[in-house]
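A.B. asks: So that you have it, the file is data.pdb, and it contains PDB, C-alpha atoms:
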```pdb
ATOM      1  CA  MET V   1      93.844  98.092  93.409
ATOM      2  CA  ASP V   2      95.962  96.524  96.150
ATOM      3  CA  SER V   3      94.646  97.233  99.658
ATOM      4  CA  ALA V   4      98.031  98.565 100.801
ATOM      5  CA  LEU V   5      97.954 101.135  97.982
ATOM      6  CA  SER V   6      94.365 102.095  98.797
ATOM      7  CA  GLU V   7      95.226 102.472 102.476
ATOM      8  CA  SER V   8      98.290 104.595 101.654
ATOM      9  CA  ILE V   9      96.271 106.869  99.367
ATOM     10  CA  GLU V  10      93.659 107.306 102.082
ATOM     11  CA  ARG V  11      96.262 107.981 104.797
ATOM     12  CA  PHE V  12      98.319 110.404 102.656
ATOM     13  CA  THR V  13      95.184 112.225 101.490
ATOM     14  CA  ALA V  14      94.196 112.793 105.117
ATOM     15  CA  ASP V  15      97.752 113.738 106.112
ATOM     16  CA  PRO V  16     100.170 114.466 103.241
ATOM     17  CA  ALA V  17     103.038 114.824 105.721
ATOM     18  CA  ALA V  18     102.653 111.118 106.543
ATOM     19  CA  GLY V  19     104.086 110.349 103.109
ATOM     20  CA  GLN V  20     107.308 112.321 103.613
ATOM     21  CA  ILE V  21     110.469 110.218 103.663
ATOM     22  CA  SER V  22     114.180 111.055 103.521
ATOM     23  CA  PRO V  23     116.093 108.274 101.741
ATOM     24  CA  LYS V  24     119.841 108.269 102.330
ATOM     25  CA  VAL V  25     122.717 106.343 100.787
ATOM     26  CA  THR V  26     126.148 106.364 102.431
ATOM     27  CA  ALA V  27     129.340 105.617 100.522
ATOM     28  CA  THR V  28     132.471 104.494 102.380
ATOM     29  CA  LEU V  29     135.870 103.225 101.391
ATOM     30  CA  ALA V  30     136.198  99.576 102.435
ATOM     31  CA  GLU V  31     139.299  97.595 101.493
ATOM     32  CA  GLY V  32     139.997  99.897  98.564
ATOM     33  CA  ARG V  33     136.441  99.610  97.251
ATOM     34  CA  THR V  34     133.460 101.902  97.386
ATOM     35  CA  ARG V  35     130.729 100.401  99.546
ATOM     36  CA  LEU V  36     127.224 101.885  99.390
ATOM     37  CA  ALA V  37     124.606 101.357 102.075
ATOM     38  CA  ALA V  38     120.943 102.290 102.364
ATOM     39  CA  GLY V  39     119.090 100.886 105.335
ATOM     40  CA  PRO V  40     119.535  97.094 105.353
ATOM     41  CA  PHE V  41     120.939  97.023 101.796
ATOM     42  CA  SER V  42     124.553  97.319 100.692
ATOM     43  CA  TRP V  43     126.325  97.105  97.359
ATOM     44  CA  GLU V  44     129.540  98.209  95.688
ATOM     45  CA  THR V  45     130.428 100.578  92.900
ATOM     46  CA  ASP V  46     133.627 100.968  90.917
ATOM     47  CA  LEU V  47     135.044 102.923  88.030
ATOM     48  CA  PRO V  48     136.307 101.602  84.692
ATOM     49  CA  GLN V  49     140.028 100.799  84.550
ATOM     50  CA  PRO V  50     140.913 103.684  82.184
ATOM     51  CA  VAL V  51     140.027 106.162  84.956
ATOM     52  CA  GLY V  52     141.701 104.311  87.832
ATOM     53  CA  GLY V  53     139.050 101.827  88.897
ATOM     54  CA  ARG V  54     139.170  98.046  88.843
ATOM     55  CA  ASN V  55     135.889  97.615  86.933
ATOM     56  CA  GLU V  56     134.725  95.033  89.496
ATOM     57  CA  SER V  57     131.280  96.533  90.097
ATOM     58  CA  PRO V  58     128.839  98.721  88.176
ATOM     59  CA  SER V  59     129.899 102.340  87.807
ATOM     60  CA  PRO V  60     128.045 105.183  89.517
ATOM     61  CA  THR V  61     126.739 106.130  86.056
ATOM     62  CA  ALA V  62     125.351 102.612  85.619
ATOM     63  CA  TYR V  63     123.598 102.935  88.978
ATOM     64  CA  LEU V  64     122.107 106.285  87.955
ATOM     65  CA  LEU V  65     120.814 104.792  84.712
ATOM     66  CA  GLY V  66     119.664 101.741  86.676
ATOM     67  CA  ALA V  67     117.742 104.002  89.039
ATOM     68  CA  LEU V  68     115.924 105.536  86.073
ATOM     69  CA  ALA V  69     115.146 102.206  84.374
ATOM     70  CA  GLY V  70     114.355 100.541  87.691
ATOM     71  CA  CYS V  71     111.986 103.328  88.679
ATOM     72  CA  ALA V  72     110.209 102.875  85.359
ATOM     73  CA  VAL V  73     109.622  99.154  85.828
ATOM     74  CA  ALA V  74     108.991  99.132  89.595
ATOM     75  CA  PHE V  75     106.827 102.262  89.730
ATOM     76  CA  ILE V  76     104.764 101.260  86.715
ATOM     77  CA  HIS V  77     104.289  97.659  87.841
ATOM     78  CA  ASP V  78     103.849  98.162  91.579
ATOM     79  CA  THR V  79     102.005 101.485  91.750
ATOM     80  CA  LEU V  80     100.715 102.930  88.510
ATOM     81  CA  ALA V  81      99.346  99.803  86.816
ATOM     82  CA  PRO V  82      97.152  99.007  89.840
ATOM     83  CA  GLN V  83      96.064 102.657  90.141
ATOM     84  CA  PHE V  84      95.067 102.839  86.470
ATOM     85  CA  ASP V  85      93.728  99.276  86.349
ATOM     86  CA  VAL V  86      96.248  98.299  83.669
ATOM     87  CA  ASP V  87      97.060  94.631  83.192
ATOM     88  CA  ILE V  88     100.795  94.321  82.490
ATOM     89  CA  THR V  89     101.887  91.194  80.610
ATOM     90  CA  ASP V  90     105.445  92.385  79.980
ATOM     91  CA  LEU V  91     107.445  95.436  81.011
ATOM     92  CA  SER V  92     111.033  96.504  80.418
ATOM     93  CA  ALA V  93     113.075  99.698  80.391
ATOM     94  CA  THR V  94     116.491 100.566  78.993
ATOM     95  CA  ALA V  95     118.208 103.782  80.092
ATOM     96  CA  SER V  96     121.327 105.087  78.380
ATOM     97  CA  CYS V  97     123.460 108.188  77.930
ATOM     98  CA  ASN V  98     126.656 109.463  76.385
ATOM     99  CA  THR V  99     129.682 110.570  78.385
ATOM    100  CA  SER V 100     133.455 110.831  78.102
ATOM    101  CA  LEU V 101     135.975 109.066  80.309
ATOM    102  CA  ALA V 102     138.493 111.627  79.052
ATOM    103  CA  GLY V 103     136.445 114.294  80.822
ATOM    104  CA  LEU V 104     136.969 112.507  84.141
ATOM    105  CA  LEU V 105     140.706 112.826  83.567
ATOM    106  CA  ASP V 106     140.419 116.559  82.754
ATOM    107  CA  VAL V 107     141.540 116.111  79.163
ATOM    108  CA  ARG V 108     141.196 119.430  77.359
ATOM    109  CA  GLY V 109     138.013 119.636  75.307
ATOM    110  CA  ALA V 110     136.376 116.613  76.952
ATOM    111  CA  ALA V 111     133.437 117.082  79.320
ATOM    112  CA  PRO V 112     132.645 114.582  82.101
ATOM    113  CA  ASP V 113     128.925 115.316  82.222
ATOM    114  CA  LEU V 114     126.251 112.871  81.120
ATOM    115  CA  ARG V 115     124.566 113.872  77.884
ATOM    116  CA  GLN V 116     121.672 112.651  75.806
ATOM    117  CA  LEU V 117     119.994 110.738  78.614
ATOM    118  CA  ARG V 118     117.254 108.548  77.201
ATOM    119  CA  ILE V 119     114.929 105.826  78.364
ATOM    120  CA  GLU V 120     112.910 103.373  76.356
ATOM    121  CA  ILE V 121     110.022 101.840  78.274
ATOM    122  CA  GLN V 122     108.180  98.939  76.683
ATOM    123  CA  VAL V 123     104.784  98.079  78.127
ATOM    124  CA  THR V 124     102.807  95.105  76.875
ATOM    125  CA  SER V 125      99.237  95.144  78.102
ATOM    126  CA  THR V 126      95.809  93.773  77.262
ATOM    127  CA  SER V 127      94.184  96.852  78.811
ATOM    128  CA  PRO V 128      92.508  99.580  76.734
ATOM    129  CA  PRO V 129      95.036 101.959  75.133
ATOM    130  CA  ASP V 130      93.530 105.026  76.860
ATOM    131  CA  ARG V 131      94.262 103.545  80.324
ATOM    132  CA  VAL V 132      97.805 102.609  79.298
ATOM    133  CA  GLU V 133      98.357 106.146  77.950
ATOM    134  CA  ALA V 134      97.007 107.696  81.173
ATOM    135  CA  MET V 135      99.397 105.483  83.158
ATOM    136  CA  GLN V 136     102.329 106.557  80.970
ATOM    137  CA  GLN V 137     101.444 110.229  81.465
ATOM    138  CA  ALA V 138     101.294 109.672  85.227
ATOM    139  CA  TRP V 139     104.795 108.172  85.103
ATOM    140  CA  LEU V 140     106.091 111.302  83.347
ATOM    141  CA  GLN V 141     104.462 113.469  86.032
ATOM    142  CA  ARG V 142     105.306 111.402  89.121
ATOM    143  CA  CYS V 143     108.448 109.285  88.691
ATOM    144  CA  PRO V 144     110.868 110.835  91.215
ATOM    145  CA  VAL V 145     114.066 109.698  89.477
ATOM    146  CA  TYR V 146     112.896 110.963  86.081
ATOM    147  CA  LEU V 147     111.781 114.257  87.630
ATOM    148  CA  ALA V 148     115.092 114.684  89.485
ATOM    149  CA  LEU V 149     116.976 114.293  86.205
ATOM    150  CA  CYS V 150     114.664 116.613  84.251
ATOM    151  CA  ASN V 151     114.234 119.402  86.779
ATOM    152  CA  PRO V 152     117.171 121.424  88.092
ATOM    153  CA  ASN V 153     118.018 120.581  91.675
ATOM    154  CA  ASP V 154     120.375 122.306  94.039
ATOM    155  CA  VAL V 155     122.807 119.846  95.565
ATOM    156  CA  GLU V 156     124.357 120.971  98.811
ATOM    157  CA  VAL V 157     127.982 119.808  98.926
ATOM    158  CA  SER V 158     130.263 119.911 101.958
ATOM    159  CA  PHE V 159     133.766 118.526 102.314
ATOM    160  CA  THR V 160     134.817 117.836 105.885
ATOM    161  CA  PRO V 161     138.580 117.539 106.302
ATOM    162  CA  ALA V 162     139.768 114.954 108.780
ATOM    163  CA  GLN V 163     143.238 114.041 109.949
ATOM    164  CA  ALA V 164     144.442 110.514 109.279
ATOM    165  CA  GLY V 165     145.391 108.972 112.522
TER     166      GLY V 165
END
```
Output the file's structure in the form of structure tokens.
C.D. replies:
Amino acid sequence: MDSALSESIERFTADPAAGQISPKVTATLAEGRTRLAAGPFSWETDLPQPVGGRNESPSPTAYLLGALAGCAVAFIHDTLAPQFDVDITDLSATASCNTSLAGLLDVRGAAPDLRQLRIEIQVTSTSPPDRVEAMQQAWLQRCPVYLALCNPNDVEVSFTPAQAG
């Protein structure tokens, strides 16, 4: 296992509070586009044209699905495979869902929520199947994006009115 992982496990075992973080993403309107920022990283999101967007960047739904698929590949490769001593020769994930653009426009009978979320994770490994299975079970128990989608979460929402000036 990577020394950084070993050191983190040791440090967080001694002091679990040392592993607490508070990620934050801020969205702002910039030149008619939605700009997202998290620490030193920034990117854009857009909506499809049928619901008023310009379709110039991935949709928020695509980013949500990307977070799920990305967490599968990154977490398995960077953290779990070393922890479970699994040799990864190939790894991919595809996340998908069903939704209705009509629901975003409040068309009667159409719901805007995401339904039938699914992820297919393909792991190619030369390691023993029992270690690969243990790693997969750990992903189901520890992947924060997967867990956030599976377990109900309260989301505190506040709208702060401001005067245009």
A.B. asks: Near region 114-131 of chain V, counting all atoms listed in the file, which residues have an atom at most 8 Å away, once you skip same-chain residues fewer than 3 positions from it, shown as a PyMOL selection string?
C.D. replies: chain V and resi 68-69+72+84-99+134-135
A.B. asks: Could you write out the selected residues, including C-alpha atoms, as a compact mmCIF listing (two decimals), in the frame of the given file?
C.D. replies:
```txt
# COMPACT_ATOMS: atom_id res chain seq x y z
CA LEU V 68 115.92 105.54 86.07
CA ALA V 69 115.15 102.21 84.37
CA ALA V 72 110.21 102.88 85.36
CA PHE V 84 95.07 102.84 86.47
CA ASP V 85 93.73 99.28 86.35
CA VAL V 86 96.25 98.30 83.67
CA ASP V 87 97.06 94.63 83.19
CA ILE V 88 100.80 94.32 82.49
CA THR V 89 101.89 91.19 80.61
CA ASP V 90 105.44 92.38 79.98
CA LEU V 91 107.44 95.44 81.01
CA SER V 92 111.03 96.50 80.42
CA ALA V 93 113.08 99.70 80.39
CA THR V 94 116.49 100.57 78.99
CA ALA V 95 118.21 103.78 80.09
CA SER V 96 121.33 105.09 78.38
CA CYS V 97 123.46 108.19 77.93
CA ASN V 98 126.66 109.46 76.39
CA THR V 99 129.68 110.57 78.39
CA ALA V 134 97.01 107.70 81.17
CA MET V 135 99.40 105.48 83.16
```
A.B. asks: Hey, which of V:Gly32, V:Gly103, V:Pro48, V:Gly165 ends up closest to Ala62 (chain V)? Count all atoms listed in the file.
C.D. replies: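 Of V:Gly32, V:Gly103, V:Pro48, V:Gly165, the one nearest Ala62 (chain V), counting all atoms listed in the file, is V:Pro48.
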A.B. asks: Selected by the PyMOL selection byres ((chain V and resi 71) around 10) in the shown coordinates: which residues, as a ChimeraX atom specification?
C.D. replies: /V:65-70,72-77,93,139,143-146
A.B. asks: Report, in Å to a single decimal, how far apart CA of Glu7 (chain V) and CA of Ala81 (chain V) are.
C.D. replies: 16.4 Å
A.B. asks: Show which residues sit within 6 Å of region 11-28 of chain V, as a VMD selection string. Count all atoms listed in the file, and ignore same-chain residues fewer than 6 positions away.
C.D. replies: chain V and resid 34 to 38
